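Participant: model-v8.txt is reproduced below (compact mmCIF, C-alpha atoms).
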# COMPACT_ATOMS: atom_id res chain seq x y z
CA MET A 1 137.74 162.64 183.39
CA GLU A 2 140.29 160.39 181.63
CA ARG A 3 139.46 162.03 178.31
CA ALA A 4 140.03 165.51 179.80
CA ASN A 5 143.42 164.48 181.19
CA SER A 6 144.52 163.00 177.87
CA ARG A 7 143.41 166.20 176.11
CA ARG A 8 145.60 168.24 178.45
CA ARG A 9 148.60 165.90 178.07
CA SER A 10 148.63 165.40 174.30
CA PRO A 11 149.40 168.55 172.30
CA THR A 12 147.00 169.51 169.59
CA PRO A 13 148.33 169.31 166.00
CA ARG A 14 148.14 173.06 165.73
CA ASN A 15 150.29 173.67 168.85
CA LYS A 16 152.67 170.90 167.81
CA ASP A 17 153.19 172.44 164.36
CA ARG A 18 153.65 175.83 165.94
CA SER A 19 156.32 174.59 168.35
CA ASN A 20 158.14 172.77 165.55
CA SER A 21 158.05 175.83 163.31
CA LEU A 22 159.46 177.98 166.09
CA ARG A 23 162.20 175.46 166.73
CA GLU A 24 163.04 175.27 163.03
CA GLY A 25 163.08 179.04 162.69
CA ALA A 26 165.63 179.36 165.48
CA TYR A 27 168.25 177.61 163.36
CA GLN A 28 167.44 178.69 159.84
CA GLY A 29 169.82 181.08 158.18
CA GLY A 30 167.52 184.01 157.56
CA SER A 31 165.99 186.18 160.23
CA PRO A 32 167.93 184.96 163.33
CA LYS A 33 171.21 186.10 161.79
CA LYS A 34 169.71 189.49 161.04
CA ILE A 35 168.35 189.75 164.58
CA HIS A 36 171.73 188.71 166.01
CA SER A 37 173.53 191.29 163.85
CA ILE A 38 171.16 194.04 164.90
CA MET A 39 171.57 193.12 168.56
CA ALA A 40 175.36 192.75 168.26
CA LEU A 41 176.04 196.21 166.88
CA PRO A 42 174.78 198.23 169.87
CA SER A 43 176.67 196.06 172.34
CA MET A 44 179.81 196.10 170.24
CA MET A 45 179.81 199.80 169.56
CA SER A 46 178.66 201.08 172.93
CA SER A 47 179.16 204.73 173.64
CA MET A 48 181.64 204.13 176.48
CA LYS A 49 183.75 201.79 174.37
CA LEU A 50 183.86 204.29 171.50
CA LEU A 51 184.73 207.13 173.84
CA VAL A 52 187.60 205.25 175.48
CA LEU A 53 189.03 204.02 172.18
CA CYS A 54 188.86 207.50 170.64
CA LEU A 55 190.57 208.98 173.67
CA LEU A 56 193.27 206.31 173.51
CA CYS A 57 193.83 207.04 169.83
CA MET A 58 194.10 210.77 170.52
CA GLN A 59 196.45 210.19 173.47
CA ASN A 60 198.79 208.07 171.35
CA THR A 61 198.69 210.66 168.59
CA MET A 62 199.46 213.59 170.91
CA PHE A 63 202.23 211.65 172.66
CA THR A 64 203.92 210.72 169.36
CA VAL A 65 203.71 214.22 167.83
CA LEU A 66 204.83 215.94 171.04
CA ARG A 67 207.78 213.57 171.46
CA ARG A 68 208.74 214.20 167.82
CA TYR A 69 208.58 217.94 168.46
CA SER A 70 210.59 217.63 171.67
CA GLN A 71 213.43 215.49 170.35
CA GLY A 72 213.34 216.30 166.64
CA VAL A 73 212.78 220.07 166.70
CA LEU A 74 213.76 221.28 170.18
CA LYS A 75 216.59 218.69 170.45
CA GLU A 76 215.89 218.07 174.13
CA ASN A 77 218.16 215.40 175.63
CA TYR A 78 216.37 214.27 178.78
CA SER A 79 216.26 210.55 179.59
CA LYS A 80 213.20 208.76 178.23
CA TYR A 81 213.23 206.46 181.26
CA GLU A 82 212.87 209.47 183.55
CA VAL A 83 209.81 210.55 181.58
CA LEU A 84 208.33 207.07 181.92
CA LEU A 85 209.21 206.95 185.63
CA VAL A 86 207.48 210.27 186.35
CA GLY A 87 204.48 209.06 184.34
CA GLU A 88 204.23 205.94 186.51
CA ILE A 89 204.44 208.04 189.67
CA ILE A 90 201.63 210.28 188.41
CA LYS A 91 199.55 207.23 187.55
CA MET A 92 200.14 205.67 190.96
CA VAL A 93 199.24 208.84 192.86
CA TYR A 94 196.09 209.46 190.82
CA SER A 95 194.99 205.82 191.14
CA ALA A 96 195.50 206.01 194.91
CA TYR A 97 193.34 209.14 194.99
CA LYS A 98 190.55 207.42 193.01
CA ILE A 99 190.72 204.39 195.33
CA SER A 100 190.49 206.56 198.44
CA THR A 101 187.42 208.40 197.13
CA ALA A 102 185.58 205.16 196.37
CA LEU A 103 185.97 203.45 199.76
CA ASN A 104 183.02 201.87 201.49
CA ALA A 105 181.76 203.10 204.84
CA GLY A 106 184.24 202.24 207.59
CA GLU A 107 187.17 201.58 205.23
CA ARG A 108 190.40 203.56 205.49
CA ALA A 109 192.66 204.44 202.61
CA VAL A 110 196.07 203.46 204.03
CA PRO A 111 195.17 199.85 204.98
CA LYS A 112 193.45 199.44 201.62
CA LEU A 113 196.52 200.64 199.70
CA ARG A 114 198.81 198.42 201.76
CA TYR A 115 196.60 195.43 201.04
CA LEU A 116 196.77 196.18 197.29
CA LEU A 117 200.56 196.34 197.41
CA ARG A 118 200.72 192.98 199.15
CA ARG A 119 198.47 191.50 196.47
CA SER A 120 200.28 193.02 193.49
CA THR A 121 202.19 189.91 192.36
CA LYS A 122 200.24 189.52 189.13
CA MET A 123 200.84 193.12 188.12
CA ALA A 124 204.50 192.81 189.07
CA VAL A 125 204.78 189.97 186.56
CA LEU A 126 203.28 192.26 183.90
CA ALA A 127 205.75 195.02 184.82
CA LEU A 128 208.64 192.55 184.43
CA ILE A 129 207.34 191.58 180.99
CA TYR A 130 207.28 195.23 179.94
CA GLY A 131 210.81 195.64 181.24
CA ALA A 132 211.96 192.57 179.31
CA MET A 133 210.37 194.00 176.15
CA ASN A 134 212.41 197.20 176.55
CA ILE A 135 215.61 195.18 176.90
CA LEU A 136 214.75 193.04 173.87
CA SER A 137 214.11 196.18 171.78
CA PHE A 138 217.53 197.49 172.77
CA VAL A 139 219.21 194.18 171.88
CA SER A 140 217.44 193.89 168.53
CA LEU A 141 218.25 197.47 167.45
CA ARG A 142 221.90 196.85 168.31
CA ASN A 143 221.99 193.94 165.85
CA ILE A 144 219.50 194.72 163.06
CA SER A 145 218.45 197.88 161.26
CA ALA A 146 215.48 200.01 162.24
CA GLY A 147 213.74 199.01 159.01
CA ILE A 148 213.87 195.27 159.71
CA PHE A 149 212.81 195.97 163.30
CA THR A 150 209.78 197.93 162.05
CA ILE A 151 208.75 195.10 159.72
CA PHE A 152 208.82 192.48 162.45
CA ALA A 153 207.15 194.82 164.97
CA GLN A 154 203.92 194.74 162.94
CA LEU A 155 203.47 191.11 163.96
CA LYS A 156 202.17 192.39 167.31
CA ILE A 157 198.72 192.60 165.74
CA LEU A 158 198.63 188.90 164.92
CA THR A 159 200.34 187.76 168.13
CA THR A 160 197.71 189.61 170.16
CA ALA A 161 194.88 187.92 168.25
CA THR A 162 196.55 184.51 168.53
CA CYS A 163 197.09 184.85 172.28
CA SER A 164 193.47 185.95 172.63
CA SER A 165 192.31 182.79 170.86
CA VAL A 166 194.54 180.53 172.98
CA MET A 167 194.35 182.17 176.42
CA LEU A 168 190.77 183.47 176.37
CA ARG A 169 189.38 180.83 173.98
CA ARG A 170 187.85 183.44 171.71
CA SER A 171 186.85 182.60 168.18
CA TYR A 172 187.14 185.23 165.46
CA SER A 173 185.34 185.14 162.17
CA THR A 174 187.20 184.81 158.89
CA THR A 175 186.34 188.44 158.18
CA LYS A 176 188.10 189.57 161.34
CA TRP A 177 191.24 187.54 160.56
CA ARG A 178 191.34 189.01 157.06
CA ALA A 179 190.91 192.50 158.51
CA LEU A 180 193.80 191.96 160.95
CA LEU A 181 196.06 190.65 158.19
CA SER A 182 195.12 193.57 155.95
CA LEU A 183 195.73 195.95 158.87
CA MET A 184 199.20 194.52 159.44
CA MET A 185 200.11 194.92 155.76
CA GLY A 186 198.70 198.45 155.72
CA VAL A 187 200.80 199.52 158.72
CA LEU A 188 203.83 197.90 157.12
CA LEU A 189 203.32 199.88 153.92
CA PHE A 190 202.70 203.02 155.94
CA SER A 191 206.13 202.55 157.55
CA GLU A 192 207.77 202.45 154.10
CA PRO A 193 209.98 205.55 154.70
CA ILE A 194 211.61 203.72 157.62
CA TRP A 195 212.42 200.34 156.08
CA ASN A 196 212.98 201.52 152.49
CA LYS A 197 215.96 203.78 153.13
CA GLU A 198 219.11 203.47 151.03
CA ASP A 199 221.34 203.50 154.13
CA ASN A 200 219.19 200.93 155.94
CA ALA A 201 222.04 198.51 156.57
CA ASN A 202 222.46 196.39 159.66
CA PRO A 203 224.78 197.78 162.36
CA GLU A 204 228.41 196.90 161.84
CA GLY A 205 229.37 193.81 163.81
CA GLY A 206 225.74 193.03 164.63
CA ASN A 207 224.36 189.53 164.85
CA VAL A 208 221.34 189.35 162.56
CA VAL A 209 220.12 186.06 164.02
CA LEU A 210 220.28 187.44 167.57
CA GLY A 211 218.54 190.68 166.60
CA THR A 212 215.78 188.87 164.72
CA ALA A 213 215.21 186.44 167.58
CA ALA A 214 215.05 189.34 170.06
CA VAL A 215 212.39 191.24 168.10
CA LEU A 216 210.33 188.08 167.52
CA ILE A 217 210.37 187.33 171.25
CA GLU A 218 209.40 190.93 171.94
CA VAL A 219 206.34 190.89 169.65
CA THR A 220 205.27 187.57 171.17
CA LEU A 221 205.60 188.98 174.67
CA SER A 222 203.65 192.05 173.57
CA GLY A 223 200.67 189.93 172.51
CA PHE A 224 200.92 187.80 175.63
CA ALA A 225 201.13 190.84 177.93
CA SER A 226 198.02 192.44 176.41
CA ILE A 227 195.92 189.31 176.82
CA TYR A 228 197.39 188.57 180.26
CA PHE A 229 196.37 192.07 181.42
CA GLU A 230 192.88 191.59 179.98
CA LYS A 231 192.51 188.19 181.63
CA VAL A 232 193.54 189.55 185.02
CA ILE A 233 191.11 192.47 184.75
CA LYS A 234 188.10 190.45 183.57
CA THR A 235 188.46 186.96 185.07
CA ASP A 236 190.54 187.30 188.23
CA PRO A 237 188.64 186.05 191.35
CA GLU A 238 189.67 189.12 193.36
CA LYS A 239 187.55 191.33 191.08
CA LEU A 240 189.73 194.39 191.60
CA GLY A 241 188.84 197.52 189.67
CA ILE A 242 190.76 199.46 187.06
CA TRP A 243 192.25 201.91 189.54
CA GLU A 244 193.43 199.13 191.86
CA ARG A 245 195.17 197.36 188.97
CA ASN A 246 196.73 200.60 187.71
CA TYR A 247 198.00 201.31 191.22
CA GLN A 248 199.58 197.86 191.43
CA LEU A 249 201.08 198.05 187.93
CA ALA A 250 202.62 201.47 188.57
CA PHE A 251 204.11 200.22 191.83
CA GLY A 252 205.74 197.30 190.01
CA SER A 253 206.98 199.46 187.12
CA ILE A 254 208.73 202.15 189.19
CA PRO A 255 211.69 199.95 190.33
CA ILE A 256 212.24 198.74 186.75
CA TYR A 257 212.50 202.27 185.33
CA ILE A 258 214.84 203.25 188.17
CA LEU A 259 217.12 200.37 187.16
CA PHE A 260 217.02 201.53 183.53
CA MET A 261 217.94 205.07 184.63
CA LEU A 262 220.87 203.77 186.65
CA SER A 263 222.04 201.60 183.74
CA GLU A 264 222.44 204.63 181.44
CA ASP A 265 223.81 206.83 184.23
CA GLY A 266 221.15 209.48 183.79
CA GLY A 267 221.67 209.90 180.04
CA GLN A 268 223.44 212.77 178.30
CA ALA A 269 222.07 215.50 180.58
CA GLY A 270 222.55 213.60 183.85
CA TYR A 271 219.88 212.61 186.31
CA PHE A 272 216.72 214.68 185.69
CA GLY A 273 218.66 217.08 183.51
CA GLY A 274 217.34 218.70 180.35
CA TRP A 275 213.74 218.73 181.51
CA SER A 276 211.23 221.22 180.13
CA VAL A 277 207.52 221.90 180.05
CA VAL A 278 207.23 219.57 177.06
CA ALA A 279 208.88 216.74 179.02
CA VAL A 280 206.38 217.23 181.86
CA MET A 281 203.51 217.13 179.37
CA LEU A 282 204.91 213.89 177.93
CA SER A 283 204.96 212.36 181.42
CA MET A 284 201.35 213.36 181.98
CA LEU A 285 200.32 211.96 178.60
CA GLY A 286 202.17 208.73 179.37
CA ALA A 287 200.30 208.38 182.65
CA ALA A 288 196.98 209.05 180.90
CA GLY A 289 197.87 206.46 178.28
CA GLY A 290 198.40 203.76 180.89
CA MET A 291 195.02 204.43 182.46
CA LEU A 292 193.26 204.58 179.08
CA VAL A 293 194.75 201.23 178.07
CA ALA A 294 193.23 199.64 181.17
CA LEU A 295 189.86 201.29 180.50
CA SER A 296 189.90 200.21 176.86
CA ILE A 297 190.53 196.59 177.87
CA LYS A 298 187.76 196.74 180.47
CA HIS A 299 185.13 198.16 178.12
CA GLY A 300 186.46 196.47 174.97
CA ASP A 301 189.30 194.03 174.50
CA SER A 302 192.98 193.94 173.62
CA ILE A 303 192.31 193.73 169.88
CA LEU A 304 190.26 196.94 169.89
CA LYS A 305 193.03 198.57 171.94
CA THR A 306 195.49 197.51 169.24
CA LEU A 307 193.21 199.00 166.57
CA ALA A 308 193.14 202.32 168.43
CA THR A 309 196.93 202.48 168.72
CA THR A 310 197.31 201.47 165.07
CA GLY A 311 194.94 204.19 163.94
CA ALA A 312 197.02 206.63 165.98
CA ILE A 313 200.04 205.79 163.80
CA VAL A 314 198.24 207.10 160.71
CA LEU A 315 196.83 210.15 162.49
CA SER A 316 200.13 211.09 164.13
CA ALA A 317 202.06 210.75 160.85
CA THR A 318 199.53 212.99 159.12
CA LEU A 319 199.82 215.66 161.82
CA ASP A 320 203.58 215.29 161.79
CA HIS A 321 203.61 216.04 158.06
CA PHE A 322 201.47 219.18 158.26
CA MET A 323 202.89 220.53 161.54
CA LEU A 324 206.52 219.39 161.59
CA GLY A 325 207.30 218.65 157.95
CA GLY A 326 207.44 214.87 158.29
CA PRO A 327 207.20 212.52 155.29
CA LEU A 328 203.86 211.68 153.70
CA THR A 329 204.36 209.85 150.39
CA PRO A 330 201.64 208.57 148.02
CA ILE A 331 202.35 205.03 149.25
CA MET A 332 201.73 206.20 152.82
CA CYS A 333 198.42 207.79 151.80
CA ILE A 334 197.23 204.57 150.12
CA ALA A 335 198.38 202.52 153.10
CA GLY A 336 196.61 204.90 155.48
CA VAL A 337 193.32 204.36 153.65
CA GLN A 338 193.89 200.60 153.83
CA VAL A 339 194.48 200.84 157.59
CA ILE A 340 191.24 202.77 158.10
CA ILE A 341 189.25 200.31 155.95
CA SER A 342 190.75 197.36 157.85
CA ILE A 343 189.82 198.89 161.20
CA CYS A 344 186.25 199.43 159.99
CA ASN A 345 186.05 195.89 158.59
CA TYR A 346 187.08 194.44 161.93
CA THR A 347 185.01 196.76 164.12
CA PHE A 348 181.74 196.57 162.18
CA ASP A 349 181.88 192.85 161.47
CA ALA A 350 178.89 191.38 163.32
CA SER A 351 179.20 187.75 162.21
CA PRO A 352 177.45 185.64 164.86
CA PRO A 353 179.49 182.87 166.49
CA GLU A 354 178.55 179.40 165.32
CA ALA A 355 176.53 177.40 167.82
CA PRO A 356 178.10 174.11 168.97
CA PRO A 357 176.62 171.14 167.10
CA ALA A 358 175.51 169.49 170.34
CA LEU A 359 173.28 172.44 171.14
CA ILE A 360 171.42 172.36 167.82
CA GLU A 361 168.18 170.40 168.18
CA LYS A 362 166.58 168.97 165.06
CA PRO A 363 162.86 169.60 164.53
CA GLY A 364 160.67 166.95 166.07
CA THR A 365 163.40 165.36 168.19
CA ALA A 366 161.94 166.54 171.49
CA ASP A 367 158.47 165.24 170.64
CA GLU A 368 159.86 161.83 169.62
CA GLU A 369 161.81 161.55 172.88
CA MET A 370 158.81 162.56 175.01
CA ALA A 371 156.37 160.19 173.25
CA PRO A 372 157.14 157.08 175.39
CA LEU A 373 156.77 159.09 178.58
CA THR A 374 153.42 160.47 177.42
CA GLN A 375 152.14 157.01 176.54
CA ASN A 376 153.21 155.57 179.91
CA ALA A 377 151.52 158.42 181.74
CA SER A 378 148.25 157.89 179.85
CA ARG A 379 148.27 154.14 180.60
CA SER A 380 148.88 154.64 184.31
CA SER A 381 146.02 157.12 184.53
Mind turning this structure into structure tokens?
Facilitator:
Amino acid sequence: MERANSRRRSPTPRNKDRSNSLREGAYQGGSPKKIHSIMALPSMMSSMKLLVLCLLCMQNTMFTVLRRYSQGVLKENYSKYEVLLVGEIIKMVYSAYKISTALNAGERAVPKLRYLLRRSTKMAVLALIYGAMNILSFVSLRNISAGIFTIFAQLKILTTATCSSVMLRRSYSTTKWRALLSLMMGVLLFSEPIWNKEDNANPEGGNVVLGTAAVLIEVTLSGFASIYFEKVIKTDPEKLGIWERNYQLAFGSIPIYILFMLSEDGGQAGYFGGWSVVAVMLSMLGAAGGMLVALSIKHGDSILKTLATTGAIVLSATLDHFMLGGPLTPIMCIAGVQVIISICNYTFDASPPEAPPALIEKPGTADEEMAPLTQNASRSS
């Protein structure tokens, strides 16, 4: 009987070697990395994520080209803040409709919407950040040239990644950091017609230090706002959905755009003057863009959202050249290829995250630690 118990307790050499080999294989550099890469690609490039990012890229492209056609060709002089205000109203109404159609049994729409408005403090903070970014853009362009502003604006890519590392504690591989840096340089080269003009002097009487500080604060706030929005959507204890958050954000943004409208006294055409079918389409595209941004953050992250909007810069400039006669120099073509390659390098990089050293167990350690317990158990029996 004692011999049978000891046979069951002590592992056979064959089973022991097998367990050690399995443990060793889990941390060797060959097959596990391949398995991890194969498993990472489907999760990273899910169909929903691709669909949302492609739609966001197309929305940004259509919005840019249509705005260029409206103000550059048709010379329409409506207020841009009115367009943004109407877009927020459309987004709020549509989000309220989606919330009302997804209520549980016994719930009513009006109390639910009132509850969301009372709990919209976090989204109100985000709306204030967006408003501050608009003011900072205005201050910077009053003191520095559009070319210098464009150069500094490309830092949004790196500030978003940095805030993601700090606020969400994400670790990015060296390949991803190189791709982001290459992407930033590619977008900067693609914007060469803006910052390489002969008449690209700073505004007369402008304060270069003030303008530079304003644009640097703006790009920092841009990265912070993107990650803040993502953190609220994914980690907030309330677990509110995309439509609830869009409803709250639109509610907080409407008063800010009203203040901007009042500050410019309705613009050149007066309050809601100079509107056209194109202006209405821009408002609808703006509303769709806000909802797609939230969806892209839910199904992806803020970095992938930034990649989609960056790719839209290249696509919109290409369409602008063929449809509206915009510039497309050889430098822009080379930079566009670099942007596309950088996006692919970031998106398809499946480098597995390094396991913490404390979690890595050396072969044979578990058997050595269990040996005294096994011996004590055999003696007591």
Participant: At what distance in Å, to one decimal, does CA of Gln338 in chain A lie from CA of Leu315 in chain A?
Facilitator: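 We find that CA of Leu315 in chain A and CA of Gln338 in chain A lie 13.2 Å from each other.
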Participant: Fewer than 4 positions away in the same chain doesn't count, so skip those; otherwise give me all residues within 10 Å of Ile148 in chain A, counting only C-alpha atoms, as a PyMOL selection string.
Facilitator: chain A and resi 140-141+144+152-153+194-196+200-202+208+211-212+215
Participant: Just C-alpha atoms for this one: save the residues we selected as a PDB file, keeping the file's coordinate frame.
Facilitator:
ATOM      1  CA  SER A 140     217.440 193.890 168.530  1.00  0.00           C
ATOM      2  CA  LEU A 141     218.250 197.470 167.450  1.00  0.00           C
ATOM      3  CA  ILE A 144     219.500 194.720 163.060  1.00  0.00           C
ATOM      4  CA  PHE A 152     208.820 192.480 162.450  1.00  0.00           C
ATOM      5  CA  ALA A 153     207.150 194.820 164.970  1.00  0.00           C
ATOM      6  CA  ILE A 194     211.610 203.720 157.620  1.00  0.00           C
ATOM      7  CA  TRP A 195     212.420 200.340 156.080  1.00  0.00           C
ATOM      8  CA  ASN A 196     212.980 201.520 152.490  1.00  0.00           C
ATOM      9  CA  ASN A 200     219.190 200.930 155.940  1.00  0.00           C
ATOM     10  CA  ALA A 201     222.040 198.510 156.570  1.00  0.00           C
ATOM     11  CA  ASN A 202     222.460 196.390 159.660  1.00  0.00           C
ATOM     12  CA  VAL A 208     221.340 189.350 162.560  1.00  0.00           C
ATOM     13  CA  GLY A 211     218.540 190.680 166.600  1.00  0.00           C
ATOM     14  CA  THR A 212     215.780 188.870 164.720  1.00  0.00           C
ATOM     15  CA  VAL A 215     212.390 191.240 168.100  1.00  0.00           C
TER      16      VAL A 215
END
Participant: Rank A:Asn104, A:Ser263, A:Ser47, A:Gln59 by their smallest atom-to-atom distance to Leu292 in chain A, using all atoms listed in the file, and report the top residue only.
Facilitator: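 Between A:Asn104, A:Ser263, A:Ser47, A:Gln59, the residue approaching Leu292 in chain A most closely is A:Gln59.
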Participant: Using only C-alpha atoms, find each residue of range 168-272 of chain A with at least one atom at most 12 Å away from an atom of range 293-298 of chain A; report its shortest atom-to-atom pair and that distance in Å (one decimal), sort the rows by chain and rising residue number, and return the result as a tab-separated table.
Facilitator:
residue	atom	partner	partner_atom	distance
A:Ser226	CA	A:Ile297	CA	8.7
A:Ile227	CA	A:Ile297	CA	9.1
A:Tyr228	CA	A:Ile297	CA	10.8
A:Phe229	CA	A:Ile297	CA	8.2
A:Glu230	CA	A:Ile297	CA	5.9
A:Lys231	CA	A:Ile297	CA	9.4
A:Val232	CA	A:Lys298	CA	10.3
A:Ile233	CA	A:Lys298	CA	6.9
A:Lys234	CA	A:Lys298	CA	7.0
A:Thr235	CA	A:Lys298	CA	10.8
A:Lys239	CA	A:Lys298	CA	11.9
A:Leu240	CA	A:Lys298	CA	11.5
A:Gly241	CA	A:Lys298	CA	9.3
A:Ile242	CA	A:Ala294	CA	6.4
A:Trp243	CA	A:Ala294	CA	8.7
A:Glu244	CA	A:Ala294	CA	10.7
A:Arg245	CA	A:Ala294	CA	8.4
A:Asn246	CA	A:Ala294	CA	7.5
A:Tyr247	CA	A:Ala294	CA	11.2
A:Leu249	CA	A:Ala294	CA	10.5
Participant: Which of these, A:Ile135, A:Val83, A:Leu189, A:Ala127, has the shortest distance to Gly267 in chain A once you count only C-alpha atoms?
Facilitator: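 The closest residue to Gly267 in chain A is A:Val83.
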Participant: Which one of A:Gly311, A:Gly289, A:Gly273, A:Pro327 sits closest to Val52 in chain A if you count all atoms listed in the file?
Facilitator: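 Closest residue, counting all atoms listed in the file: A:Gly289.
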Participant: Report the distance between CA of Ala288 in chain A and CA of Gly72 in chain A in Å, rounded to one decimal place.
Facilitator: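 We find that CA of Ala288 in chain A and CA of Gly72 in chain A lie 22.9 Å from each other.
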Participant: Find the distance between CA of Gly290 in chain A and CA of Thr64 in chain A and write it in Å to one decimal.
Facilitator: 14.6 Å
Participant: Restricting the calculation to all atoms listed in the file: of A:Leu74, A:Met62, A:Phe138, A:Glu82, which residue gets closest to Ser283 in chain A?
Facilitator: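 Selected residue with least distance to Ser283 in chain A: A:Glu82.
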Participant: Do a neighbour search on Ile217 in chain A at 10 Å with all atoms listed in the file, toss out local chain neighbours closer than 3 positions, and write the hits as a PyMOL selection string.
Facilitator: chain A and resi 132-133+136-137+211-214+220-222
Participant: Kindly export the residues of the current selection with C-alpha atoms, as a PDB file, in the coordinates of the input.
Facilitator:
ATOM      1  CA  ALA A 132     211.960 192.570 179.310  1.00  0.00           C
ATOM      2  CA  MET A 133     210.370 194.000 176.150  1.00  0.00           C
ATOM      3  CA  LEU A 136     214.750 193.040 173.870  1.00  0.00           C
ATOM      4  CA  SER A 137     214.110 196.180 171.780  1.00  0.00           C
ATOM      5  CA  GLY A 211     218.540 190.680 166.600  1.00  0.00           C
ATOM      6  CA  THR A 212     215.780 188.870 164.720  1.00  0.00           C
ATOM      7  CA  ALA A 213     215.210 186.440 167.580  1.00  0.00           C
ATOM      8  CA  ALA A 214     215.050 189.340 170.060  1.00  0.00           C
ATOM      9  CA  THR A 220     205.270 187.570 171.170  1.00  0.00           C
ATOM     10  CA  LEU A 221     205.600 188.980 174.670  1.00  0.00           C
ATOM     11  CA  SER A 222     203.650 192.050 173.570  1.00  0.00           C
TER      12      SER A 222
END
Participant: With only C-alpha atoms as the atoms that count, which of A:Phe63, A:Tyr130, A:Tyr115, A:Tyr271 lies nearest to Asp320 in chain A?
Facilitator: A:Phe63
Participant: Applying 12 Å and all atoms listed in the file, which residues near range 87-89 of chain A remain after dropping the ones on its own chain fewer than 5 positions away? List them as JSON, numbers by chain.
Facilitator: {"A": [80, 81, 82, 94, 95, 96, 127, 246, 247, 248, 249, 250, 251, 252, 253, 254, 255, 256, 257, 258, 279, 280, 281, 282, 283, 284, 285, 286, 287, 288, 289, 290, 291]}
Participant: Please determine, counting all atoms listed in the file, which residue among A:Arg119, A:Lys197, A:Lys176, A:His321 has the shortest atom-to-atom distance to Ile303 in chain A.
Facilitator: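 Smallest distance to Ile303 in chain A is found for A:Lys176.
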Participant: Would you fill the gaps in range 263-267 of chain A so it has all heavy atoms, then print it as a short mmCIF file (atom, residue, chain, number, x, y, z; two decimals), in the coordinates of the input?
Facilitator:
data_model
loop_
_atom_site.label_atom_id
_atom_site.label_comp_id
_atom_site.auth_asym_id
_atom_site.auth_seq_id
_atom_site.Cartn_x
_atom_site.Cartn_y
_atom_site.Cartn_z
N SER A 263 221.22 202.29 184.74
CA SER A 263 222.04 201.60 183.74
C SER A 263 222.62 202.56 182.71
O SER A 263 223.72 202.34 182.20
CB SER A 263 221.22 200.52 183.04
OG SER A 263 220.17 201.10 182.27
N GLU A 264 221.91 203.66 182.39
CA GLU A 264 222.44 204.63 181.44
C GLU A 264 223.04 205.86 182.12
O GLU A 264 223.38 206.82 181.45
CB GLU A 264 221.34 205.06 180.47
CG GLU A 264 220.21 205.85 181.09
CD GLU A 264 219.22 206.37 180.05
OE1 GLU A 264 219.31 205.92 178.89
OE2 GLU A 264 218.39 207.22 180.41
N ASP A 265 223.16 205.77 183.45
CA ASP A 265 223.81 206.83 184.23
C ASP A 265 223.18 208.21 184.00
O ASP A 265 223.87 209.23 183.90
CB ASP A 265 225.30 206.89 183.89
CG ASP A 265 226.11 207.59 184.99
OD1 ASP A 265 225.60 207.69 186.12
OD2 ASP A 265 227.24 208.04 184.70
N GLY A 266 221.86 208.22 183.92
CA GLY A 266 221.15 209.48 183.79
C GLY A 266 221.09 210.05 182.39
O GLY A 266 220.51 211.12 182.19
N GLY A 267 221.69 209.40 181.41
CA GLY A 267 221.67 209.90 180.04
C GLY A 267 222.67 211.02 179.80
O GLY A 267 223.57 211.28 180.60
#
